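Engineer: To be precise about what I am sending: the file is called upload-v5.pdb and holds PDB, C-alpha atoms.
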MODEL        1
ATOM      1  CA  MET A   1      -0.994  10.279   6.984
ATOM      2  CA  ASN A   2       2.699  10.974   7.315
ATOM      3  CA  THR A   3       4.150   9.851   4.003
ATOM      4  CA  GLN A   4       7.432  11.621   4.812
ATOM      5  CA  CYS A   5       7.920   9.125   7.644
ATOM      6  CA  ILE A   6       7.753   6.312   5.056
ATOM      7  CA  ILE A   7      10.341   7.954   2.794
ATOM      8  CA  ASP A   8      12.638   8.755   5.729
ATOM      9  CA  TYR A   9      12.628   5.167   6.985
ATOM     10  CA  LEU A  10      13.167   3.615   3.551
ATOM     11  CA  SER A  11      15.981   6.083   2.752
ATOM     12  CA  ALA A  12      17.707   5.185   6.030
ATOM     13  CA  LEU A  13      17.311   1.449   5.328
ATOM     14  CA  ASP A  14      18.742   1.942   1.845
ATOM     15  CA  ALA A  15      21.822   3.621   3.368
ATOM     16  CA  ASN A  16      22.150   0.950   6.103
ATOM     17  CA  ASN A  17      21.063  -2.230   4.369
ATOM     18  CA  ASN A  18      22.250  -4.733   6.974
ATOM     19  CA  ARG A  19      20.605  -6.937   9.583
ATOM     20  CA  GLU A  20      22.140  -5.125  12.547
ATOM     21  CA  TRP A  21      20.659  -1.741  11.566
ATOM     22  CA  TYR A  22      17.339  -3.310  10.577
ATOM     23  CA  HIS A  23      16.848  -5.000  13.955
ATOM     24  CA  ALA A  24      18.091  -1.962  15.897
ATOM     25  CA  ASN A  25      15.461   0.220  14.213
ATOM     26  CA  LYS A  26      12.394  -2.022  14.453
ATOM     27  CA  GLU A  27      10.335   0.745  16.103
ATOM     28  CA  ASP A  28      10.933   3.064  13.131
ATOM     29  CA  LEU A  29       9.869   0.255  10.803
ATOM     30  CA  LYS A  30       6.715  -0.300  12.845
ATOM     31  CA  THR A  31       5.847   3.411  12.621
ATOM     32  CA  ALA A  32       6.538   3.633   8.875
ATOM     33  CA  ASN A  33       4.622   0.418   8.208
ATOM     34  CA  ALA A  34       1.605   1.745  10.122
ATOM     35  CA  GLU A  35       1.659   4.873   7.949
ATOM     36  CA  PHE A  36       1.874   2.758   4.794
ATOM     37  CA  GLU A  37      -1.086   0.646   5.898
ATOM     38  CA  GLY A  38      -3.008   3.852   6.624
ATOM     39  CA  LEU A  39      -2.234   5.047   3.105
ATOM     40  CA  LEU A  40      -3.403   1.699   1.703
ATOM     41  CA  GLN A  41      -6.664   1.878   3.645
ATOM     42  CA  ALA A  42      -7.365   5.338   2.236
ATOM     43  CA  LEU A  43      -6.476   4.102  -1.254
ATOM     44  CA  ILE A  44      -8.801   1.092  -0.923
ATOM     45  CA  LEU A  45     -11.667   3.446  -0.077
ATOM     46  CA  GLU A  46     -10.893   5.653  -3.094
ATOM     47  CA  ILE A  47     -10.569   2.702  -5.488
ATOM     48  CA  GLY A  48     -13.768   1.288  -4.014
ATOM     49  CA  LYS A  49     -15.682   4.217  -5.494
ATOM     50  CA  PHE A  50     -15.206   2.688  -8.979
ATOM     51  CA  ASP A  51     -14.268  -0.938  -8.139
ATOM     52  CA  ASP A  52     -16.119  -2.341  -5.136
ATOM     53  CA  SER A  53     -14.595  -5.812  -5.628
ATOM     54  CA  ILE A  54     -11.548  -4.758  -3.584
ATOM     55  CA  ILE A  55     -13.265  -2.968  -0.692
ATOM     56  CA  HIS A  56     -13.184  -5.997   1.666
ATOM     57  CA  ASN A  57      -9.373  -6.085   1.793
ATOM     58  CA  GLN A  58      -7.380  -5.378   4.949
ATOM     59  CA  PRO A  59      -4.150  -3.422   4.258
ATOM     60  CA  LYS A  60      -1.937  -5.794   6.283
ATOM     61  CA  ASP A  61      -2.972  -8.664   3.972
ATOM     62  CA  LEU A  62      -1.873  -6.816   0.829
ATOM     63  CA  THR A  63       1.777  -6.040   1.593
ATOM     64  CA  PHE A  64       4.972  -7.879   0.679
ATOM     65  CA  LYS A  65       7.988  -8.653   2.834
ATOM     66  CA  MET A  66      11.152  -6.559   2.598
ATOM     67  CA  VAL A  67      13.452  -9.560   3.064
ATOM     68  CA  ARG A  68      15.160 -10.461  -0.206
ATOM     69  CA  ASP A  69      16.041 -13.938  -1.475
ATOM     70  CA  THR A  70      19.728 -13.410  -2.209
ATOM     71  CA  ARG A  71      20.625 -17.033  -3.058
ATOM     72  CA  PHE A  72      20.911 -16.435  -6.804
ATOM     73  CA  SER A  73      21.622 -12.697  -6.783
ATOM     74  CA  HIS A  74      24.915 -10.807  -7.079
ATOM     75  CA  ASP A  75      23.357  -8.192  -4.788
ATOM     76  CA  LYS A  76      23.528  -9.667  -1.287
ATOM     77  CA  SER A  77      21.685  -6.766   0.409
ATOM     78  CA  PRO A  78      19.280  -8.524   2.790
ATOM     79  CA  TYR A  79      16.389  -6.059   2.382
ATOM     80  CA  ASN A  80      14.479  -4.355  -0.392
ATOM     81  CA  PRO A  81      14.051  -0.757   0.859
ATOM     82  CA  ALA A  82      10.506  -0.473  -0.474
ATOM     83  CA  PHE A  83       6.918  -0.776   0.685
ATOM     84  CA  ARG A  84       4.873  -2.774  -1.829
ATOM     85  CA  ALA A  85       1.241  -3.833  -2.078
ATOM     86  CA  HIS A  86      -1.165  -5.395  -4.582
ATOM     87  CA  ILE A  87      -4.881  -4.677  -4.262
ATOM     88  CA  SER A  88      -7.283  -6.992  -6.082
ATOM     89  CA  SER A  89     -10.496  -8.887  -5.405
ATOM     90  CA  LYS A  90      -8.339 -11.716  -4.035
ATOM     91  CA  GLY A  91      -5.800  -9.565  -2.230
ATOM     92  CA  LYS A  92      -2.141  -9.706  -3.152
ATOM     93  CA  LEU A  93      -2.266 -12.823  -5.331
ATOM     94  CA  PRO A  94      -0.994 -11.995  -8.852
ATOM     95  CA  VAL A  95      -4.258 -13.301 -10.358
ATOM     96  CA  PRO A  96      -6.789 -11.756 -10.573
ATOM     97  CA  VAL A  97      -4.793  -8.704 -11.566
ATOM     98  CA  GLY A  98      -5.338  -5.474  -9.685
ATOM     99  CA  TYR A  99      -3.671  -2.282  -8.529
ATOM    100  CA  TYR A 100      -0.009  -2.287  -7.507
ATOM    101  CA  LEU A 101       1.822   0.318  -5.450
ATOM    102  CA  MET A 102       5.532   0.479  -4.709
ATOM    103  CA  ILE A 103       7.068   3.271  -2.633
ATOM    104  CA  LYS A 104      10.841   3.322  -2.989
ATOM    105  CA  PRO A 105      13.025   6.436  -2.526
ATOM    106  CA  GLY A 106      15.263   7.664  -5.323
ATOM    107  CA  ASN A 107      12.333   8.267  -7.687
ATOM    108  CA  GLN A 108      11.785   4.521  -8.022
ATOM    109  CA  SER A 109       8.173   4.511  -6.797
ATOM    110  CA  PHE A 110       5.412   3.569  -9.225
ATOM    111  CA  LEU A 111       1.761   2.665  -9.650
ATOM    112  CA  GLY A 112       1.149  -0.529 -11.580
ATOM    113  CA  GLY A 113      -1.486  -2.809 -13.004
ATOM    114  CA  GLY A 114      -1.864  -5.928 -15.106
ATOM    115  CA  LEU A 115       0.001  -9.229 -14.934
ATOM    116  CA  PHE A 116       3.617  -8.859 -13.812
ATOM    117  CA  ALA A 117       4.285 -12.582 -13.292
ATOM    118  CA  ASP A 118       5.426 -14.443 -16.393
ATOM    119  CA  MET A 119       6.043 -17.844 -14.739
ATOM    120  CA  PHE A 120       2.415 -18.973 -14.961
ATOM    121  CA  LYS A 121       2.239 -20.605 -18.403
ATOM    122  CA  ASP A 122      -1.514 -21.172 -18.201
ATOM    123  CA  ALA A 123      -2.120 -17.480 -17.478
ATOM    124  CA  THR A 124       0.093 -16.459 -20.399
ATOM    125  CA  SER A 125      -1.742 -18.828 -22.761
ATOM    126  CA  MET A 126      -5.161 -17.626 -21.602
ATOM    127  CA  ILE A 127      -4.294 -13.983 -22.214
ATOM    128  CA  ARG A 128      -2.687 -14.703 -25.601
ATOM    129  CA  ASP A 129      -5.771 -16.631 -26.675
ATOM    130  CA  TYR A 130      -8.044 -13.812 -25.538
ATOM    131  CA  ILE A 131      -6.037 -11.158 -27.399
ATOM    132  CA  ALA A 132      -5.920 -13.336 -30.524
ATOM    133  CA  GLN A 133      -9.709 -13.769 -30.463
ATOM    134  CA  ASN A 134     -10.639 -10.266 -29.265
ATOM    135  CA  GLY A 135      -8.177  -7.999 -31.042
ATOM    136  CA  GLU A 136     -10.626  -5.132 -31.530
ATOM    137  CA  GLU A 137     -11.507  -5.106 -27.826
ATOM    138  CA  TRP A 138      -7.778  -5.103 -26.939
ATOM    139  CA  ASP A 139      -7.089  -2.203 -29.294
ATOM    140  CA  LYS A 140     -10.046  -0.220 -27.984
ATOM    141  CA  VAL A 141      -8.729  -0.490 -24.400
ATOM    142  CA  ILE A 142      -5.057   0.275 -25.013
ATOM    143  CA  HIS A 143      -5.720   3.060 -27.535
ATOM    144  CA  GLU A 144      -8.340   4.865 -25.465
ATOM    145  CA  PRO A 145      -6.924   8.445 -25.411
ATOM    146  CA  GLU A 146      -6.837   8.843 -21.616
ATOM    147  CA  PHE A 147      -5.131   5.454 -21.277
ATOM    148  CA  GLU A 148      -2.578   6.213 -24.006
ATOM    149  CA  ARG A 149      -1.661   9.531 -22.380
ATOM    150  CA  ASN A 150      -0.689   7.755 -19.175
ATOM    151  CA  PHE A 151       0.307   4.169 -19.951
ATOM    152  CA  THR A 152       2.251   1.942 -22.314
ATOM    153  CA  VAL A 153       1.808  -1.811 -22.076
ATOM    154  CA  LYS A 154       5.052  -3.457 -20.954
ATOM    155  CA  GLY A 155       6.082  -7.063 -20.445
ATOM    156  CA  THR A 156       8.664  -9.757 -20.984
ATOM    157  CA  ALA A 157       8.380 -10.969 -24.556
ATOM    158  CA  LEU A 158       9.569 -13.598 -26.997
ATOM    159  CA  LYS A 159      11.464 -12.611 -30.145
ATOM    160  CA  ASN A 160       8.847 -14.224 -32.385
ATOM    161  CA  VAL A 161       5.125 -14.904 -32.332
ATOM    162  CA  PRO A 162       4.759 -18.283 -30.589
ATOM    163  CA  ALA A 163       3.605 -21.388 -32.444
ATOM    164  CA  GLY A 164      -0.149 -21.670 -32.798
ATOM    165  CA  TYR A 165      -0.748 -17.961 -33.463
ATOM    166  CA  GLU A 166      -0.832 -16.092 -36.780
ATOM    167  CA  LYS A 167       2.456 -14.312 -37.468
ATOM    168  CA  GLU A 168       0.523 -11.612 -39.334
ATOM    169  CA  HIS A 169      -2.114 -11.168 -36.634
ATOM    170  CA  PRO A 170      -2.936  -7.435 -36.084
ATOM    171  CA  GLN A 171      -1.896  -7.826 -32.418
ATOM    172  CA  ALA A 172       1.146  -9.985 -33.218
ATOM    173  CA  GLU A 173       3.488  -7.841 -31.090
ATOM    174  CA  TYR A 174       1.329  -8.396 -28.015
ATOM    175  CA  LEU A 175       1.046 -12.135 -28.711
ATOM    176  CA  LYS A 176       4.812 -12.337 -28.160
ATOM    177  CA  TYR A 177       4.397 -11.145 -24.588
ATOM    178  CA  LYS A 178       4.552 -13.484 -21.577
ATOM    179  CA  SER A 179       3.314 -10.771 -19.178
ATOM    180  CA  TRP A 180       1.316  -7.598 -19.758
ATOM    181  CA  TYR A 181       1.647  -4.810 -17.223
ATOM    182  CA  LEU A 182       1.545  -1.049 -16.684
ATOM    183  CA  GLU A 183       3.868   1.217 -14.707
ATOM    184  CA  TYR A 184       3.360   4.898 -13.898
ATOM    185  CA  PRO A 185       6.438   6.479 -12.255
ATOM    186  CA  ILE A 186       6.038   8.546  -9.097
ATOM    187  CA  GLN A 187       8.643  11.122  -8.104
ATOM    188  CA  ASP A 188       9.718  11.381  -4.453
ATOM    189  CA  GLU A 189       8.347  14.918  -4.086
ATOM    190  CA  GLU A 190       4.873  13.728  -5.165
ATOM    191  CA  LEU A 191       4.706  11.686  -1.964
ATOM    192  CA  ASN A 192       5.162  14.744   0.255
ATOM    193  CA  ASP A 193       1.461  15.616   0.038
ATOM    194  CA  ALA A 194      -0.429  12.445   0.961
ATOM    195  CA  GLU A 195      -3.863  13.773  -0.035
ATOM    196  CA  ALA A 196      -2.697  14.941  -3.456
ATOM    197  CA  PHE A 197      -0.923  11.622  -4.013
ATOM    198  CA  LEU A 198      -4.054   9.676  -3.074
ATOM    199  CA  THR A 199      -6.167  11.685  -5.508
ATOM    200  CA  LYS A 200      -3.660  11.134  -8.335
ATOM    201  CA  ALA A 201      -3.197   7.430  -7.602
ATOM    202  CA  ALA A 202      -6.932   6.746  -7.487
ATOM    203  CA  GLU A 203      -7.472   8.568 -10.789
ATOM    204  CA  LEU A 204      -4.683   6.623 -12.512
ATOM    205  CA  PHE A 205      -6.034   3.343 -11.167
ATOM    206  CA  ARG A 206      -9.484   4.316 -12.500
ATOM    207  CA  ILE A 207      -7.966   4.861 -15.937
ATOM    208  CA  MET A 208      -6.180   1.484 -15.879
ATOM    209  CA  LYS A 209      -9.254  -0.450 -14.660
ATOM    210  CA  PRO A 210     -10.549  -1.384 -18.179
ATOM    211  CA  PHE A 211      -7.109  -2.916 -18.910
ATOM    212  CA  ASN A 212      -7.238  -4.943 -15.688
ATOM    213  CA  ASP A 213     -10.832  -5.929 -16.442
ATOM    214  CA  LEU A 214      -9.860  -7.229 -19.878
ATOM    215  CA  LEU A 215      -7.022  -9.336 -18.465
ATOM    216  CA  ASN A 216      -9.296 -10.686 -15.747
ATOM    217  CA  ARG A 217     -11.875 -11.703 -18.349
ATOM    218  CA  ALA A 218      -9.092 -13.548 -20.139
ATOM    219  CA  LEU A 219      -8.029 -15.174 -16.864
ATOM    220  CA  ALA A 220     -11.508 -16.343 -15.838
ATOM    221  CA  GLY A 221     -11.145 -19.833 -14.428
ATOM    222  CA  PHE A 222      -7.376 -19.598 -13.890
ATOM    223  CA  GLN A 223      -6.168 -21.631 -10.934
ATOM    224  CA  MET A 224      -3.023 -20.665  -9.044
ATOM    225  CA  PRO A 225      -0.554 -23.593  -9.117
ATOM    226  CA  THR A 226      -0.396 -25.501  -5.839
ATOM    227  CA  ARG A 227       2.971 -25.952  -4.200
TER     228      ARG A 227
ENDMDL
END
Any chance you could put this one into structure tokens?
Structural biologist:
Amino acid sequence: MNTQCIIDYLSALDANNNREWYHANKEDLKTANAEFEGLLQALILEIGKFDDSIIHNQPKDLTFKMVRDTRFSHDKSPYNPAFRAHISSKGKLPVPVGYYLMIKPGNQSFLGGGLFADMFKDATSMIRDYIAQNGEEWDKVIHEPEFERNFTVKGTALKNVPAGYEKEHPQAEYLKYKSWYLEYPIQDEELNDAEAFLTKAAELFRIMKPFNDLLNRALAGFQMPTR
């Protein structure tokens, strides 16, 4: 696996973020994308050692497009110079939650987990209800020493505990959240050695699995909205 090829392409796209350059360098994109899919395949096999629910996935089905929707953005750059993927039992859908990888030069790469999307009101309500009713289980997961050394739960949040939940609940701060996710930053130089990166990524995903499992128990029965 040539992870340097991925970084080189994304760095060049970042410096030349226009349609002309993008289309003139399609072969470089094809090469870098093949390397990224190879990395994903190796990662799937490593994650599969502790979570066999994801082993059926094909890398090409897990990735996201680089093209940006610039209609409501001040930044009119047409492309996001990043390779991104979500690995779960149902592929790249946000639910069930799984293992997220973004490679983006400039030390912006990270490993992620949990629910990033906060637009699904039913999902938010289901997780809030689960935390409210299973506070001890929640605390046990997020305060497990290995987890605490590596992760802090993040998310978009309300200013106050929403109506219907106890304001003095032991997990009141987490009941304010609309999404619950994890991010572990990856420095550019860590991507130079693909094998070492794979080993580290798989270990961090193993550590975050109980958090994902808890959210997926909360989300049992959730249906993605139909368009």
Engineer: Let me have the centre and edge lengths of the axis-aligned box enclosing all listed atoms of range 119-136 of chain A with 4 Å padding on every side, in Å to one decimal, as JSON.
Structural biologist:
{"center_x": -2.3, "center_y": -13.2, "center_z": -23.1, "size_x": 24.7, "size_y": 24.0, "size_z": 24.8}
Engineer: Using only C-alpha atoms for the distances, tell me which of A:Gly164, A:Gly38, A:Pro78, A:Gly48 is nearest to Glu203 in chain A.
Structural biologist: A:Gly48
Engineer: Name all residues at most 10 Å from range 18-21 of chain A (count all atoms listed in the file; drop same-chain ones fewer than 6 positions away) and give them as a ChimeraX atom specification.
Structural biologist: /A:12,76-79
Engineer: Select, from A:Leu101, A:Leu45, A:Leu10, A:Met126, the residue with the minimum atom-to-atom distance to Thr31 in chain A, counting only C-alpha atoms.
Structural biologist: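 That would be A:Leu10, the residue with the smallest distance to Thr31 in chain A.
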Engineer: Got a sec: who's within 9 Å of Arg206 in chain A, counting all atoms listed in the file, leaving out chain neighbours fewer than 3 positions off, as a ChimeraX atom specification?
Structural biologist: /A:47,50-51,201-203,209-210
Engineer: I'd like to know which of A:Leu39, A:Gln171, A:Phe211, A:Lys92 is closest to Thr199 in chain A, using all atoms listed in the file.
Structural biologist: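 Closest to Thr199 in chain A of all the choices is A:Leu39.
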Engineer: For this structure, which residues satisfy the selection - the PyMOL selection byres ((chain A and resi 190) around 12) - when it is evaluated on the file as given? I want them as a ChimeraX atom specification.
Structural biologist: /A:3-4,7,103,105,107-110,185-189,191-201
Engineer: Taking into account all atoms listed in the file, which residue in the set A:Val153, A:His74, A:Lys176, A:Leu115 is nearest to Asn216 in chain A?
Structural biologist: A:Leu115
Engineer: Between CA of Ala157 in chain A and CA of Thr124 in chain A, what is the distance, to one decimal in Å?
Structural biologist: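 CA of Thr124 in chain A lies 10.8 Å from CA of Ala157 in chain A.
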Engineer: As an exercise, work out the distance from CA of Tyr177 in chain A to CA of Pro162 in chain A in Å and give it to one decimal place.
Structural biologist: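 These atoms are spaced 9.3 Å apart.
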Engineer: Quick one: apply the PyMOL selection byres ((chain A and resi 134) around 12) to the file and drop the selected residues here as a PDB file with C-alpha atoms, in the coordinates of the input.
Structural biologist:
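See expr24.pdb below for the written result:
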ATOM      1  CA  MET A 126      -5.161 -17.626 -21.602  1.00  0.00           C
ATOM      2  CA  ILE A 127      -4.294 -13.983 -22.214  1.00  0.00           C
ATOM      3  CA  ARG A 128      -2.687 -14.703 -25.601  1.00  0.00           C
ATOM      4  CA  ASP A 129      -5.771 -16.631 -26.675  1.00  0.00           C
ATOM      5  CA  TYR A 130      -8.044 -13.812 -25.538  1.00  0.00           C
ATOM      6  CA  ILE A 131      -6.037 -11.158 -27.399  1.00  0.00           C
ATOM      7  CA  ALA A 132      -5.920 -13.336 -30.524  1.00  0.00           C
ATOM      8  CA  GLN A 133      -9.709 -13.769 -30.463  1.00  0.00           C
ATOM      9  CA  GLY A 135      -8.177  -7.999 -31.042  1.00  0.00           C
ATOM     10  CA  GLU A 136     -10.626  -5.132 -31.530  1.00  0.00           C
ATOM     11  CA  GLU A 137     -11.507  -5.106 -27.826  1.00  0.00           C
ATOM     12  CA  TRP A 138      -7.778  -5.103 -26.939  1.00  0.00           C
ATOM     13  CA  ASP A 139      -7.089  -2.203 -29.294  1.00  0.00           C
ATOM     14  CA  LYS A 140     -10.046  -0.220 -27.984  1.00  0.00           C
ATOM     15  CA  VAL A 141      -8.729  -0.490 -24.400  1.00  0.00           C
ATOM     16  CA  HIS A 169      -2.114 -11.168 -36.634  1.00  0.00           C
ATOM     17  CA  PRO A 170      -2.936  -7.435 -36.084  1.00  0.00           C
ATOM     18  CA  GLN A 171      -1.896  -7.826 -32.418  1.00  0.00           C
ATOM     19  CA  LEU A 175       1.046 -12.135 -28.711  1.00  0.00           C
ATOM     20  CA  LEU A 214      -9.860  -7.229 -19.878  1.00  0.00           C
ATOM     21  CA  LEU A 215      -7.022  -9.336 -18.465  1.00  0.00           C
ATOM     22  CA  ARG A 217     -11.875 -11.703 -18.349  1.00  0.00           C
ATOM     23  CA  ALA A 218      -9.092 -13.548 -20.139  1.00  0.00           C
TER      24      ALA A 218
END
Engineer: I'd like to know which of A:Ser125, A:Gln223, A:Asn150, A:Asn57 is closest to Ser179 in chain A, using only C-alpha atoms.
Structural biologist: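 Among the listed residues, the smallest separation from Ser179 in chain A belongs to A:Ser125.
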Engineer: List the neighbours of Asp8 in chain A out to 10 Å using only C-alpha atoms; skip same-chain residues closer than 6 positions along the sequence, and give me the result as number ranges by chain.
Structural biologist: A: 14, 28, 32, 105
Engineer: Next, the residues of the selection above should be written as an mmCIF file, keeping the file's coordinate frame with C-alpha atoms.
Structural biologist:
data_model
loop_
_atom_site.group_PDB
_atom_site.id
_atom_site.type_symbol
_atom_site.label_atom_id
_atom_site.label_comp_id
_atom_site.auth_asym_id
_atom_site.auth_seq_id
_atom_site.Cartn_x
_atom_site.Cartn_y
_atom_site.Cartn_z
ATOM 1 C CA ASP A 14 18.742 1.942 1.845
ATOM 2 C CA ASP A 28 10.933 3.064 13.131
ATOM 3 C CA ALA A 32 6.538 3.633 8.875
ATOM 4 C CA PRO A 105 13.025 6.436 -2.526
#
Engineer: Residues within 12 Å of (-1.0, -8.0, -12.9), file coordinates, counting all atoms listed in the file: what are they? Give the list as number ranges by chain.
Structural biologist: A: 85-88, 91-101, 111-118, 120, 123-124, 127, 153-155, 178-183, 208-209, 211-216, 219
